[in-house]
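Enquirer: I'd like to ask some things about the structure below.
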Amino acid sequence: MLVFRHRALERMARAACSASLLGSSAQSPRYFQLGITRLKEEATTSFGFKEVKVEEKQDMVLEVFRNVAGNYDVMNDAMSGGMHRVWKDYLVYSMLRPAPGSQHLDVAGGTGDVAFRVIEAIRRAEHSAITPSPPPHVTVCDINAAMLEVGKERAAKAGILDHSLSFVEGNAEHLPFEDACMDSYTISFGLRNVTHTDAALRDAFRVLKKGGRFLCMEFSQVQTPLLRKIYDEYS
């Protein structure tokens with residue numbers, strides 16, 4: 001799990017941009033420190049455990065999540081033994097800890113799993129606040145309309161589909177939001193599905209206010225062979 005302040009994210013985005021340029025040279029492929037394969041000379045990128053053409057990845061990601069949208073969280077429960085809920089709780093309640101009145105953006109979070117936790121965390125903070133704060137807002141942005149529909153349905157059932165929560169279809173590389181409009185930004189298990197990681201990081205920096213925070217929860221690498229096999233099956 002990675003947490004970056006606004007200026008640190010800018011440096012990270014610039015490094016990723018330089019990495020893409022290096023990866024397009026005649027040298028052997030290099031790898032971005034988050035585990036995302038940099039673009040190669042033949043313009044390919046990672047999709048799971050294989051390399052695909054850059055221009056094909058977005059449609060492939062859309063198709064995968066369109067097919068699993070209705071059962072996405074159930075599938076995560078089955079594959080992680082419910083651990084993904086523990087990880088998301090830690091991300092929001094221990095790491096993010098949003099303040100009253102926060103304007104938060106959750107990217108690639110179509111089903112609302114992280115966003116609902118952020119709303120709850122903001123409400124908790126408001127209860128203990130001494131001074132009044134402006135109205136908070138949590139925005140879920142996802143490139144997949146089917147995932148967003150699942151999130152809207154879940155929010156309606158939970159009674160939280162109101163002025164404090166919105167669902168927006170959009171690409172992490174070209175977010176449909178104004179500059180410096182968000183206090184915080186989360187992306188959970190989504191950065192690996194972005195075609196151009198450097199572009200997504202630059203746009204994250206663009207929409208965050210000065211002093212804003214970027215929190216990324218993503219899969220890593222396991223060194224023990226047996227555990228790595230189990231981990232790879234899950235991830």
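Here, A, B, ... name the chains of the structure tokens in the order displayed, residue numbers run from 1 inside each chain, and ligands are numbered from 1 in the same displayed order.
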Could you please write out, as a ChimeraX atom specification, every residue of segment 89-146 of chain A that DSSP assigns to strand (DSSP E)?

Expert: /A:103-107,137-142

Enquirer: Write out as a PyMOL selection string which residues come within 10 Å of Met182 of chain A when counting only C-alpha atoms, dropping same-chain ones fewer than 6 positions away.

Expert: chain A and resi 102-105+137-139+204-210+212-213

Enquirer: In Å, how far is it from atom CA of Arg117 of chain A to atom CA of Ile160 of chain A?

Expert: 11.3 Å

Enquirer: Tell me, in Å to one decimal, how far atom CA of Val168 of chain A is from atom CA of His127 of chain A.

Expert: 28.0 Å

Enquirer: Find the residues around Asp142 of chain A up to 8 Å (only C-alpha atoms counted), leave out those fewer than 4 positions away in its own chain, and share them as a list in words.

Expert: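 The neighbour list is Val107, Ala108, Gly109, Gly110, Met147, Leu148, Phe167, Val168, Glu169, Gly170, Asn171 and Ala172 of chain A.
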
Enquirer: For N, CA, C and O atoms, I'd like the residues from the last selection saved as an mmCIF file, in the first residue's frame.

Expert:
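Saved file again02.cif follows:
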```cif
data_model
loop_
_atom_site.group_PDB
_atom_site.id
_atom_site.type_symbol
_atom_site.label_atom_id
_atom_site.label_comp_id
_atom_site.auth_asym_id
_atom_site.auth_seq_id
_atom_site.Cartn_x
_atom_site.Cartn_y
_atom_site.Cartn_z
ATOM 1 N N VAL A 107 -10.900 6.127 -7.624
ATOM 2 C CA VAL A 107 -10.772 5.746 -9.034
ATOM 3 C C VAL A 107 -10.748 4.224 -9.163
ATOM 4 O O VAL A 107 -10.168 3.529 -8.334
ATOM 5 N N ALA A 108 -11.381 3.725 -10.207
ATOM 6 C CA ALA A 108 -11.485 2.283 -10.465
ATOM 7 C C ALA A 108 -12.209 1.592 -9.311
ATOM 8 O O ALA A 108 -11.909 0.449 -8.979
ATOM 9 N N GLY A 109 -13.163 2.294 -8.730
ATOM 10 C CA GLY A 109 -13.889 1.751 -7.582
ATOM 11 C C GLY A 109 -15.369 1.605 -7.847
ATOM 12 O O GLY A 109 -16.190 1.916 -6.986
ATOM 13 N N GLY A 110 -15.711 1.142 -9.040
ATOM 14 C CA GLY A 110 -17.096 1.119 -9.507
ATOM 15 C C GLY A 110 -18.143 0.574 -8.560
ATOM 16 O O GLY A 110 -19.234 1.125 -8.449
ATOM 17 N N MET A 147 -19.842 -1.704 -13.914
ATOM 18 C CA MET A 147 -19.388 -1.672 -12.519
ATOM 19 C C MET A 147 -20.044 -0.510 -11.778
ATOM 20 O O MET A 147 -20.451 -0.638 -10.616
ATOM 21 N N LEU A 148 -20.172 0.630 -12.434
ATOM 22 C CA LEU A 148 -20.806 1.790 -11.810
ATOM 23 C C LEU A 148 -22.278 1.526 -11.495
ATOM 24 O O LEU A 148 -22.786 1.968 -10.455
ATOM 25 N N PHE A 167 -21.411 8.924 -8.928
ATOM 26 C CA PHE A 167 -20.732 7.931 -9.751
ATOM 27 C C PHE A 167 -20.501 8.530 -11.131
ATOM 28 O O PHE A 167 -21.447 8.982 -11.774
ATOM 29 N N VAL A 168 -19.247 8.528 -11.576
ATOM 30 C CA VAL A 168 -18.881 9.166 -12.835
ATOM 31 C C VAL A 168 -18.103 8.188 -13.710
ATOM 32 O O VAL A 168 -17.132 7.578 -13.253
ATOM 33 N N GLU A 169 -18.527 8.040 -14.938
ATOM 34 C CA GLU A 169 -17.786 7.196 -15.877
ATOM 35 C C GLU A 169 -16.622 8.005 -16.439
ATOM 36 O O GLU A 169 -16.818 9.101 -16.985
ATOM 37 N N GLY A 170 -15.419 7.475 -16.308
ATOM 38 C CA GLY A 170 -14.260 8.221 -16.774
ATOM 39 C C GLY A 170 -13.001 7.381 -16.772
ATOM 40 O O GLY A 170 -12.922 6.338 -16.119
ATOM 41 N N ASN A 171 -12.008 7.848 -17.499
ATOM 42 C CA ASN A 171 -10.732 7.171 -17.656
ATOM 43 C C ASN A 171 -9.714 7.774 -16.690
ATOM 44 O O ASN A 171 -9.561 9.001 -16.630
ATOM 45 N N ALA A 172 -9.008 6.924 -15.954
ATOM 46 C CA ALA A 172 -8.006 7.405 -14.984
ATOM 47 C C ALA A 172 -6.915 8.231 -15.649
ATOM 48 O O ALA A 172 -6.281 9.069 -14.994
#
```

Enquirer: How many Å lie between atom CA of Asn193 of chain A and atom CA of His174 of chain A, rounded to one decimal?

Expert: 14.4 Å

Enquirer: Write out as an NGL selection string all residues of segment 123-153 of chain A that DSSP puts in helix (DSSP H, G or I) for this structure's backbone.

Expert: :A and (123-127 or 145-153)

Enquirer: Can you write just those residues out, N, CA and C atoms, as a tab-separated table (two decimals), in the first residue's frame?

Expert:
```tsv
chain	number	residue	atom	x	y	z
A	123	ARG	N	-18.21	10.69	8.13
A	123	ARG	CA	-19.30	10.89	9.09
A	123	ARG	C	-18.80	10.73	10.53
A	124	ARG	N	-17.93	9.76	10.75
A	124	ARG	CA	-17.35	9.58	12.08
A	124	ARG	C	-16.55	10.82	12.48
A	125	ALA	N	-15.78	11.34	11.52
A	125	ALA	CA	-14.96	12.52	11.80
A	125	ALA	C	-15.84	13.73	12.09
A	126	GLU	N	-16.96	13.84	11.39
A	126	GLU	CA	-17.87	14.97	11.60
A	126	GLU	C	-18.51	14.93	12.99
A	127	HIS	N	-18.77	13.73	13.49
A	127	HIS	CA	-19.39	13.61	14.81
A	127	HIS	C	-18.49	14.14	15.92
A	145	ALA	N	-19.03	1.16	-17.19
A	145	ALA	CA	-20.39	1.54	-16.83
A	145	ALA	C	-21.11	0.45	-16.05
A	146	ALA	N	-20.82	-0.82	-16.37
A	146	ALA	CA	-21.48	-1.93	-15.68
A	146	ALA	C	-21.10	-1.96	-14.21
A	147	MET	N	-19.84	-1.70	-13.91
A	147	MET	CA	-19.39	-1.67	-12.52
A	147	MET	C	-20.04	-0.51	-11.78
A	148	LEU	N	-20.17	0.63	-12.43
A	148	LEU	CA	-20.81	1.79	-11.81
A	148	LEU	C	-22.28	1.53	-11.49
A	149	GLU	N	-22.96	0.81	-12.36
A	149	GLU	CA	-24.37	0.48	-12.12
A	149	GLU	C	-24.51	-0.38	-10.88
A	150	VAL	N	-23.58	-1.32	-10.71
A	150	VAL	CA	-23.59	-2.16	-9.50
A	150	VAL	C	-23.39	-1.28	-8.27
A	151	GLY	N	-22.47	-0.34	-8.36
A	151	GLY	CA	-22.21	0.57	-7.24
A	151	GLY	C	-23.42	1.41	-6.90
A	152	LYS	N	-24.12	1.93	-7.91
A	152	LYS	CA	-25.32	2.74	-7.68
A	152	LYS	C	-26.41	1.92	-7.00
A	153	GLU	N	-26.58	0.68	-7.44
A	153	GLU	CA	-27.59	-0.19	-6.84
A	153	GLU	C	-27.27	-0.47	-5.38
```

Enquirer: Please determine, counting only C-alpha atoms, which residue among A:Leu175, A:Ala180, A:Leu165, A:Ala115 has the shortest atom-to-atom distance to Ala200 of chain A.

Expert: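 Checking each of A:Leu175, A:Ala180, A:Leu165, A:Ala115 against Ala200 of chain A, counting only C-alpha atoms, the winner is A:Leu175.
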